[in-house]
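As provided, entry.tsv (TSV, C-alpha atoms) reads as follows.
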```
chain	number	residue	atom	x	y	z
A	1	MET	CA	109.85	108.04	87.94
A	2	ARG	CA	109.27	109.29	91.50
A	3	ILE	CA	110.04	112.88	92.47
A	4	PHE	CA	110.00	114.20	96.03
A	5	ILE	CA	109.34	117.95	96.42
A	6	VAL	CA	110.40	119.58	99.69
A	7	GLU	CA	108.98	123.12	99.55
A	8	ASP	CA	107.15	125.14	102.20
A	9	ASP	CA	105.54	127.64	99.80
A	10	PRO	CA	102.18	125.92	99.13
A	11	VAL	CA	101.52	127.81	95.89
A	12	LEU	CA	104.94	126.98	94.45
A	13	ALA	CA	104.80	123.38	95.66
A	14	ASP	CA	101.38	122.89	94.07
A	15	GLY	CA	102.53	124.44	90.80
A	16	LEU	CA	105.61	122.24	90.66
A	17	ALA	CA	103.60	119.10	91.45
A	18	ARG	CA	101.01	119.86	88.78
A	19	SER	CA	103.66	120.56	86.15
A	20	LEU	CA	105.63	117.41	86.88
A	21	ARG	CA	102.56	115.19	87.06
A	22	ALA	CA	101.51	116.54	83.66
A	23	ALA	CA	104.89	115.28	82.44
A	24	ASP	CA	104.00	111.79	83.74
A	25	TYR	CA	106.10	111.78	86.91
A	26	ALA	CA	104.80	110.41	90.22
A	27	VAL	CA	105.14	113.26	92.71
A	28	ASP	CA	105.12	113.32	96.51
A	29	GLY	CA	106.05	116.16	98.81
A	30	THR	CA	106.27	117.80	102.18
A	31	ALA	CA	106.70	121.33	103.52
A	32	ASP	CA	108.70	120.26	106.57
A	33	GLY	CA	112.43	119.63	106.70
A	34	GLY	CA	112.13	117.19	109.59
A	35	GLU	CA	109.53	115.11	107.79
A	36	ALA	CA	111.59	115.24	104.61
A	37	ASP	CA	114.58	113.79	106.47
A	38	HIS	CA	112.40	110.99	107.85
A	39	VAL	CA	110.89	110.16	104.44
A	40	LEU	CA	114.23	110.22	102.64
A	41	ALA	CA	115.69	107.87	105.23
A	42	SER	CA	113.06	105.23	104.49
A	43	GLN	CA	111.93	105.66	100.88
A	44	ASN	CA	113.58	105.79	97.46
A	45	PHE	CA	113.07	108.49	94.84
A	46	ASP	CA	114.55	109.25	91.45
A	47	LEU	CA	114.95	112.96	92.19
A	48	VAL	CA	114.60	115.33	95.15
A	49	ILE	CA	113.66	118.99	94.62
A	50	LEU	CA	114.78	120.64	97.84
A	51	ASP	CA	114.08	124.15	99.11
A	52	VAL	CA	116.60	125.70	101.49
A	53	GLY	CA	114.31	127.70	103.77
A	54	LEU	CA	112.31	125.02	105.58
A	55	PRO	CA	110.83	124.66	109.08
A	56	LYS	CA	112.48	122.34	111.66
A	57	LEU	CA	115.45	121.44	109.43
A	58	ASP	CA	116.72	123.69	106.66
A	59	GLY	CA	117.42	122.25	103.24
A	60	PHE	CA	121.17	122.24	103.76
A	61	GLU	CA	120.82	120.02	106.83
A	62	VAL	CA	118.38	117.70	105.03
A	63	LEU	CA	120.92	117.40	102.21
A	64	ARG	CA	123.83	116.85	104.59
A	65	ARG	CA	121.99	114.00	106.35
A	66	LEU	CA	120.92	112.49	103.03
A	67	ARG	CA	124.47	112.30	101.73
A	68	ARG	CA	125.82	111.12	105.09
A	69	ARG	CA	123.51	108.08	104.77
A	70	GLY	CA	125.19	107.31	101.45
A	71	SER	CA	122.25	108.20	99.22
A	72	ARG	CA	123.18	109.16	95.68
A	73	VAL	CA	119.72	110.34	94.62
A	74	PRO	CA	120.00	113.45	92.42
A	75	VAL	CA	119.11	116.64	94.33
A	76	LEU	CA	118.03	119.92	92.77
A	77	VAL	CA	118.25	122.72	95.33
A	78	LEU	CA	115.77	125.60	95.13
A	79	THR	CA	116.37	128.77	97.07
A	80	ALA	CA	115.50	132.43	97.20
A	81	HIS	CA	119.09	133.10	98.19
A	82	ASP	CA	121.28	134.12	95.29
A	83	ALA	CA	124.48	134.68	97.26
A	84	LEU	CA	127.51	132.85	95.90
A	85	GLY	CA	128.19	131.39	99.35
A	86	ASP	CA	124.80	129.64	99.44
A	87	ARG	CA	125.32	128.15	96.00
A	88	VAL	CA	128.78	126.91	96.90
A	89	ARG	CA	127.55	125.45	100.19
A	90	GLY	CA	124.74	123.53	98.51
A	91	LEU	CA	127.06	122.07	95.88
A	92	ASP	CA	129.70	121.22	98.49
A	93	LEU	CA	127.10	119.34	100.51
A	94	GLY	CA	126.29	117.18	97.50
A	95	ALA	CA	123.60	118.99	95.50
A	96	ASP	CA	123.60	118.06	91.81
A	97	ASP	CA	122.11	121.32	90.57
A	98	TYR	CA	121.01	124.69	91.92
A	99	LEU	CA	118.14	126.93	90.81
A	100	THR	CA	117.44	130.37	92.25
A	101	LYS	CA	113.89	131.64	92.70
A	102	PRO	CA	112.11	132.99	90.77
A	103	PHE	CA	112.61	130.60	87.87
A	104	ASP	CA	110.74	129.54	84.75
A	105	LEU	CA	109.02	126.14	84.82
A	106	PRO	CA	110.43	125.06	81.43
A	107	GLU	CA	113.95	125.53	82.79
A	108	LEU	CA	113.18	123.50	85.90
A	109	GLU	CA	111.58	120.75	83.82
A	110	ALA	CA	114.66	120.58	81.59
A	111	ARG	CA	116.94	120.30	84.61
A	112	VAL	CA	114.70	117.59	86.09
A	113	ARG	CA	114.94	115.56	82.88
A	114	ALA	CA	118.71	115.95	82.79
A	115	LEU	CA	119.20	114.94	86.44
A	116	ILE	CA	116.93	111.89	86.20
A	117	ARG	CA	118.62	110.82	82.97
A	118	ARG	CA	122.03	111.16	84.61
A	119	GLY	CA	120.96	109.33	87.75
A	120	GLN	CA	119.16	106.41	86.13
A	121	SER	CA	121.21	105.58	83.06
A	122	GLY	CA	124.77	106.65	83.68
A	123	GLY	CA	124.50	109.82	81.58
A	124	SER	CA	122.75	108.32	78.56
A	125	SER	CA	119.05	108.85	77.90
A	126	LEU	CA	118.77	105.66	75.82
A	127	ILE	CA	118.26	102.15	77.18
A	128	THR	CA	118.31	99.23	74.74
A	129	HIS	CA	116.89	95.77	75.36
A	130	GLY	CA	116.94	93.56	72.29
A	131	ALA	CA	114.84	95.24	69.59
A	132	LEU	CA	113.40	97.61	72.18
A	133	THR	CA	114.84	101.09	72.81
A	134	LEU	CA	113.60	103.56	75.41
A	135	ASP	CA	114.49	107.26	75.38
A	136	ILE	CA	114.03	108.38	78.99
A	137	ALA	CA	114.49	112.07	78.26
A	138	GLY	CA	112.26	112.07	75.20
A	139	ARG	CA	109.60	109.87	76.87
A	140	ARG	CA	109.29	107.57	73.85
A	141	ALA	CA	110.08	104.02	72.82
A	142	THR	CA	110.81	102.23	69.58
A	143	LEU	CA	110.48	98.56	68.68
A	144	ALA	CA	112.65	97.25	65.82
A	145	GLY	CA	113.16	100.88	64.82
A	146	GLU	CA	109.46	101.69	64.67
A	147	PRO	CA	107.68	104.01	67.14
A	148	LEU	CA	105.91	102.10	69.92
A	149	GLU	CA	102.59	103.67	70.88
A	150	LEU	CA	102.28	103.59	74.66
A	151	SER	CA	100.11	105.35	77.22
A	152	ALA	CA	101.86	107.29	79.97
A	153	ARG	CA	101.31	104.46	82.47
A	154	GLU	CA	102.48	101.79	80.02
A	155	LEU	CA	105.59	103.84	79.36
A	156	GLY	CA	106.14	104.12	83.11
A	157	VAL	CA	105.89	100.34	83.58
A	158	LEU	CA	108.30	99.77	80.69
A	159	GLU	CA	110.76	102.28	82.13
A	160	VAL	CA	110.83	100.58	85.53
A	161	LEU	CA	111.22	97.10	84.03
A	162	MET	CA	113.99	98.18	81.65
A	163	LEU	CA	115.92	100.04	84.35
A	164	ARG	CA	115.71	96.89	86.50
A	165	SER	CA	116.21	94.42	83.68
A	166	GLY	CA	117.08	90.96	84.93
A	167	ARG	CA	115.50	91.60	88.32
A	168	VAL	CA	111.99	90.75	89.49
A	169	VAL	CA	109.85	93.83	90.10
A	170	ASN	CA	106.74	93.39	92.25
A	171	LYS	CA	103.43	95.23	91.94
A	172	GLU	CA	104.13	97.39	94.97
A	173	GLN	CA	107.38	98.64	93.44
A	174	LEU	CA	105.62	99.46	90.18
A	175	ALA	CA	102.83	101.27	92.00
A	176	GLU	CA	105.34	103.31	94.00
A	177	GLU	CA	107.07	104.43	90.80
A	178	LEU	CA	103.87	105.22	88.92
A	179	TYR	CA	101.68	106.86	91.54
A	180	GLY	CA	101.97	109.59	94.15
A	181	TRP	CA	100.86	109.08	97.76
A	182	ASP	CA	97.52	110.77	97.14
A	183	GLU	CA	96.61	108.77	94.04
A	184	GLU	CA	94.32	105.77	94.27
A	185	VAL	CA	95.66	102.56	92.73
A	186	GLY	CA	93.06	100.04	91.65
A	187	PRO	CA	93.70	96.43	92.71
A	188	ASN	CA	94.18	95.27	89.11
A	189	ALA	CA	95.65	98.44	87.59
A	190	ILE	CA	99.24	97.20	87.40
A	191	GLU	CA	98.12	93.87	85.89
A	192	VAL	CA	96.20	95.73	83.20
A	193	TYR	CA	99.18	97.92	82.25
A	194	VAL	CA	101.54	94.94	82.17
A	195	HIS	CA	99.07	92.94	80.04
A	196	ARG	CA	98.72	95.77	77.51
A	197	LEU	CA	102.47	96.30	77.38
A	198	ARG	CA	103.14	92.59	76.98
A	199	ARG	CA	100.84	92.40	73.95
A	200	LYS	CA	102.64	95.31	72.29
A	201	LEU	CA	106.07	93.75	72.86
A	202	GLU	CA	105.19	90.21	71.71
A	203	PRO	CA	105.98	90.78	68.00
A	204	SER	CA	109.62	91.58	68.85
A	205	GLY	CA	110.24	88.55	71.03
A	206	VAL	CA	110.78	90.76	74.09
A	207	SER	CA	108.71	89.21	76.86
A	208	ILE	CA	107.56	90.17	80.32
A	209	ARG	CA	107.51	87.05	82.45
A	210	THR	CA	105.16	86.75	85.41
A	211	ILE	CA	106.92	85.19	88.41
A	212	ARG	CA	104.01	83.85	90.41
A	213	GLY	CA	103.77	85.39	93.85
A	214	LEU	CA	106.77	87.67	93.25
A	215	GLY	CA	106.20	90.03	90.33
A	216	TYR	CA	107.41	90.63	86.79
A	217	LEU	CA	110.70	90.08	84.98
A	218	LEU	CA	111.71	91.58	81.66
A	219	GLU	CA	113.38	88.82	79.65
A	220	ARG	CA	115.60	89.15	76.63
A	221	PRO	CA	114.47	87.67	73.31
A	222	SER	CA	115.22	83.96	73.02
A	223	ASN	CA	117.65	84.64	70.18
A	224	GLY	CA	119.70	86.96	72.42
A	225	GLY	CA	119.11	89.97	70.20
```
Let me see the file written as structure tokens.
Amino acid sequence: MRIFIVEDDPVLADGLARSLRAADYAVDGTADGGEADHVLASQNFDLVILDVGLPKLDGFEVLRRLRRRGSRVPVLVLTAHDALGDRVRGLDLGADDYLTKPFDLPELEARVRALIRRGQSGGSSLITHGALTLDIAGRRATLAGEPLELSARELGVLEVLMLRSGRVVNKEQLAEELYGWDEEVGPNAIEVYVHRLRRKLEPSGVSIRTIRGLGYLLERPSNGG
């Protein structure tokens, strides 16, 4: 899952990024409202954490432009302003949640999980694909009712493939979801994660098909279960 942090306090931005990466999210960010608007117009994220007090464009204007373009990405607004008017304005502009500084990281992390769950799976944290079940909020998977042991990256690959079940997902898309801008991606890293995941899913009949030259497709078991 990709999260975009728009925060001009470098200490807070770094703390948020570290916390969310530790929870296995891919995190990118900027301290500039103008740059944020440009990035959000050209790239997709699963959640935006948006400060209000930003240089060039304030958070409210970034949010207004984002919604005007038709984007439905969940947005969590952060602000030092605790006035009722600011909260109402942010929600009226299309924010999904609102958190006033200072806040506790566990609360922010819980809200992040809830917003991503709501945005990606229509309000449910569970996705089922044959004998395979993924709990997005709980960050765990089961196969035929038994826990499936996966690394963080394997879980990330599975999450992307299940959320886009029936559609081909290329390596670049997987890399974008799994890594931040400043993380190096080895040329064969995605292939390795897919190979490991494929071996773990084989006993259930759930298969990941390689579409040569295009990417990967999560197929249902041949028996339709």
Checklist entry - Looking at A:Arg209, A:Arg139, A:Arg153, A:Arg67, which one is nearest to A:Arg167, with distances taken over only C-alpha atoms? => result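 With only C-alpha atoms as the atom set, the closest residue is A:Arg209.
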Item to check | Residues within 12 Å of (124.2, 117.9, 106.4), counting all atoms listed in the file, listed as number ranges by chain | outcome: A: 33, 37, 52, 57-70, 89-95
Checklist entry - Of the candidates A:Val185, A:Ile208, A:Leu150, A:Ile136, which shows the shortest atom-to-atom distance to A:Ser165, using all atoms listed in the file? => result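 Result for the nearest residue to A:Ser165: A:Ile208.
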Checklist entry - Which residue gives the smallest distance to A:Ala36 among A:Ala22, A:Leu158, A:Val168, A:Leu54, with all atoms listed in the file counted? => result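 Once distances to A:Ala36 are computed over all atoms listed in the file, the minimum belongs to A:Leu54.
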Item to check | Which residue of A:Asn44, A:Ser151, A:Ser204, A:Ser19 approaches A:Val73 most closely, using all atoms listed in the file | outcome: A:Asn44
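Distance check against A:Glu176 using all atoms listed in the file: of A:Arg18, A:Arg199, A:Ala31, A:Val157, the minimum falls on A:Val157.
Interatomic distance, atom CA of A:Tyr98 to atom CA of A:Leu134: 27.8 Å.
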Next on the checklist: I'd like the interatomic distance between atom CA of A:Val27 and atom CA of A:Leu178, to a tenth of an Å.
Outcome noted: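 Going from atom CA of A:Val27 over to atom CA of A:Leu178, I get 9.0 Å.
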Checklist entry - With only C-alpha atoms as the atoms that count, which of A:Val11, A:Val112, A:Leu155, A:Val88 lies nearest to A:Arg196? => result A:Leu155
Next on the checklist: Please list as a ChimeraX atom specification every residue within 12 Å of A:Ala141, counting all atoms listed in the file and excluding residues in the same chain fewer than 3 positions away.
Outcome noted: /A:125-129,131-138,144-152,154-156,158-159,162,197,200-201
Next on the checklist: So the first atom is atom CA of A:Val39 and the second is atom CA of A:Ile116; what is the distance between them in Å, to one decimal place?
Outcome noted: 19.3 Å
Next on the checklist: So that I can check the surroundings of A:Ile5, please list as a PyMOL selection string every protein, DNA and RNA residue that reaches within 10 Å of it, counting only C-alpha atoms and ignoring chain neighbours fewer than 3 positions away.
Outcome noted: chain A and resi 2+8+13-14+16-17+27-31+36+47-51+76
Using the incomplete input, complete stretch 194-205 of chain A to the level of all heavy atoms; output as a JSON list (two decimals), in the coordinates of the input.
```json
[["chain", "number", "residue", "atom", "x", "y", "z"],
["A", 194, "VAL", "N", 100.58, 95.94, 82.58],
["A", 194, "VAL", "CA", 101.54, 94.94, 82.17],
["A", 194, "VAL", "C", 100.99, 94.10, 81.02],
["A", 194, "VAL", "O", 101.70, 93.80, 80.05],
["A", 194, "VAL", "CB", 101.94, 94.03, 83.35],
["A", 194, "VAL", "CG1", 102.77, 92.83, 82.88],
["A", 194, "VAL", "CG2", 102.73, 94.83, 84.40],
["A", 195, "HIS", "N", 99.70, 93.74, 81.10],
["A", 195, "HIS", "CA", 99.07, 92.94, 80.04],
["A", 195, "HIS", "C", 99.08, 93.70, 78.71],
["A", 195, "HIS", "O", 99.44, 93.12, 77.66],
["A", 195, "HIS", "CB", 97.62, 92.62, 80.44],
["A", 195, "HIS", "CG", 96.85, 91.93, 79.36],
["A", 195, "HIS", "ND1", 97.08, 90.63, 78.98],
["A", 195, "HIS", "CD2", 95.84, 92.38, 78.56],
["A", 195, "HIS", "CE1", 96.26, 90.30, 78.01],
["A", 195, "HIS", "NE2", 95.50, 91.34, 77.73],
["A", 196, "ARG", "N", 98.73, 94.97, 78.75],
["A", 196, "ARG", "CA", 98.72, 95.77, 77.51],
["A", 196, "ARG", "C", 100.12, 95.91, 76.94],
["A", 196, "ARG", "O", 100.33, 95.81, 75.73],
["A", 196, "ARG", "CB", 98.13, 97.15, 77.79],
["A", 196, "ARG", "CG", 96.65, 97.15, 78.11],
["A", 196, "ARG", "CD", 96.20, 98.54, 78.50],
["A", 196, "ARG", "NE", 94.77, 98.58, 78.83],
["A", 196, "ARG", "CZ", 94.18, 99.62, 79.38],
["A", 196, "ARG", "NH1", 94.87, 100.72, 79.67],
["A", 196, "ARG", "NH2", 92.88, 99.59, 79.65],
["A", 197, "LEU", "N", 101.09, 96.14, 77.82],
["A", 197, "LEU", "CA", 102.47, 96.30, 77.38],
["A", 197, "LEU", "C", 103.00, 95.00, 76.80],
["A", 197, "LEU", "O", 103.67, 94.99, 75.75],
["A", 197, "LEU", "CB", 103.32, 96.75, 78.57],
["A", 197, "LEU", "CG", 104.79, 97.06, 78.31],
["A", 197, "LEU", "CD1", 104.93, 98.16, 77.27],
["A", 197, "LEU", "CD2", 105.48, 97.46, 79.61],
["A", 198, "ARG", "N", 102.68, 93.90, 77.45],
["A", 198, "ARG", "CA", 103.14, 92.59, 76.98],
["A", 198, "ARG", "C", 102.65, 92.30, 75.56],
["A", 198, "ARG", "O", 103.41, 91.84, 74.71],
["A", 198, "ARG", "CB", 102.64, 91.52, 77.96],
["A", 198, "ARG", "CG", 103.07, 90.11, 77.62],
["A", 198, "ARG", "CD", 102.49, 89.14, 78.63],
["A", 198, "ARG", "NE", 103.27, 89.09, 79.86],
["A", 198, "ARG", "CZ", 102.74, 89.04, 81.08],
["A", 198, "ARG", "NH1", 101.43, 89.07, 81.23],
["A", 198, "ARG", "NH2", 103.51, 88.97, 82.14],
["A", 199, "ARG", "N", 101.40, 92.63, 75.28],
["A", 199, "ARG", "CA", 100.84, 92.40, 73.95],
["A", 199, "ARG", "C", 101.56, 93.23, 72.90],
["A", 199, "ARG", "O", 101.76, 92.77, 71.76],
["A", 199, "ARG", "CB", 99.34, 92.72, 73.94],
["A", 199, "ARG", "CG", 98.50, 91.74, 74.74],
["A", 199, "ARG", "CD", 97.03, 92.08, 74.67],
["A", 199, "ARG", "NE", 96.52, 92.05, 73.31],
["A", 199, "ARG", "CZ", 95.28, 92.41, 72.97],
["A", 199, "ARG", "NH1", 94.44, 92.83, 73.89],
["A", 199, "ARG", "NH2", 94.89, 92.35, 71.72],
["A", 200, "LYS", "N", 101.96, 94.43, 73.25],
["A", 200, "LYS", "CA", 102.64, 95.31, 72.29],
["A", 200, "LYS", "C", 104.09, 94.88, 72.04],
["A", 200, "LYS", "O", 104.66, 95.20, 70.99],
["A", 200, "LYS", "CB", 102.59, 96.76, 72.78],
["A", 200, "LYS", "CG", 101.18, 97.32, 72.81],
["A", 200, "LYS", "CD", 101.14, 98.74, 73.33],
["A", 200, "LYS", "CE", 99.70, 99.27, 73.36],
["A", 200, "LYS", "NZ", 99.62, 100.67, 73.84],
["A", 201, "LEU", "N", 104.68, 94.17, 73.00],
["A", 201, "LEU", "CA", 106.07, 93.75, 72.86],
["A", 201, "LEU", "C", 106.21, 92.37, 72.21],
["A", 201, "LEU", "O", 107.28, 92.02, 71.71],
["A", 201, "LEU", "CB", 106.75, 93.71, 74.23],
["A", 201, "LEU", "CG", 106.89, 95.05, 74.96],
["A", 201, "LEU", "CD1", 107.55, 94.83, 76.32],
["A", 201, "LEU", "CD2", 107.68, 96.05, 74.14],
["A", 202, "GLU", "N", 105.14, 91.59, 72.21],
["A", 202, "GLU", "CA", 105.19, 90.21, 71.71],
["A", 202, "GLU", "C", 105.79, 90.08, 70.31],
["A", 202, "GLU", "O", 106.58, 89.17, 70.07],
["A", 202, "GLU", "CB", 103.80, 89.58, 71.74],
["A", 202, "GLU", "CG", 103.39, 89.10, 73.12],
["A", 202, "GLU", "CD", 101.98, 88.53, 73.13],
["A", 202, "GLU", "OE1", 101.31, 88.64, 72.07],
["A", 202, "GLU", "OE2", 101.56, 88.00, 74.16],
["A", 203, "PRO", "N", 105.44, 90.95, 69.36],
["A", 203, "PRO", "CA", 105.98, 90.78, 68.00],
["A", 203, "PRO", "C", 107.50, 90.81, 67.92],
["A", 203, "PRO", "O", 108.10, 90.26, 67.00],
["A", 203, "PRO", "CB", 105.37, 91.96, 67.23],
["A", 203, "PRO", "CG", 104.12, 92.29, 67.98],
["A", 203, "PRO", "CD", 104.46, 92.05, 69.42],
["A", 204, "SER", "N", 108.16, 91.44, 68.88],
["A", 204, "SER", "CA", 109.62, 91.58, 68.85],
["A", 204, "SER", "C", 110.34, 90.43, 69.53],
["A", 204, "SER", "O", 111.55, 90.30, 69.41],
["A", 204, "SER", "CB", 110.04, 92.87, 69.54],
["A", 204, "SER", "OG", 109.85, 92.74, 70.94],
["A", 205, "GLY", "N", 109.61, 89.61, 70.26],
["A", 205, "GLY", "CA", 110.24, 88.55, 71.03],
["A", 205, "GLY", "C", 110.68, 88.99, 72.41],
["A", 205, "GLY", "O", 111.20, 88.19, 73.19]]
```
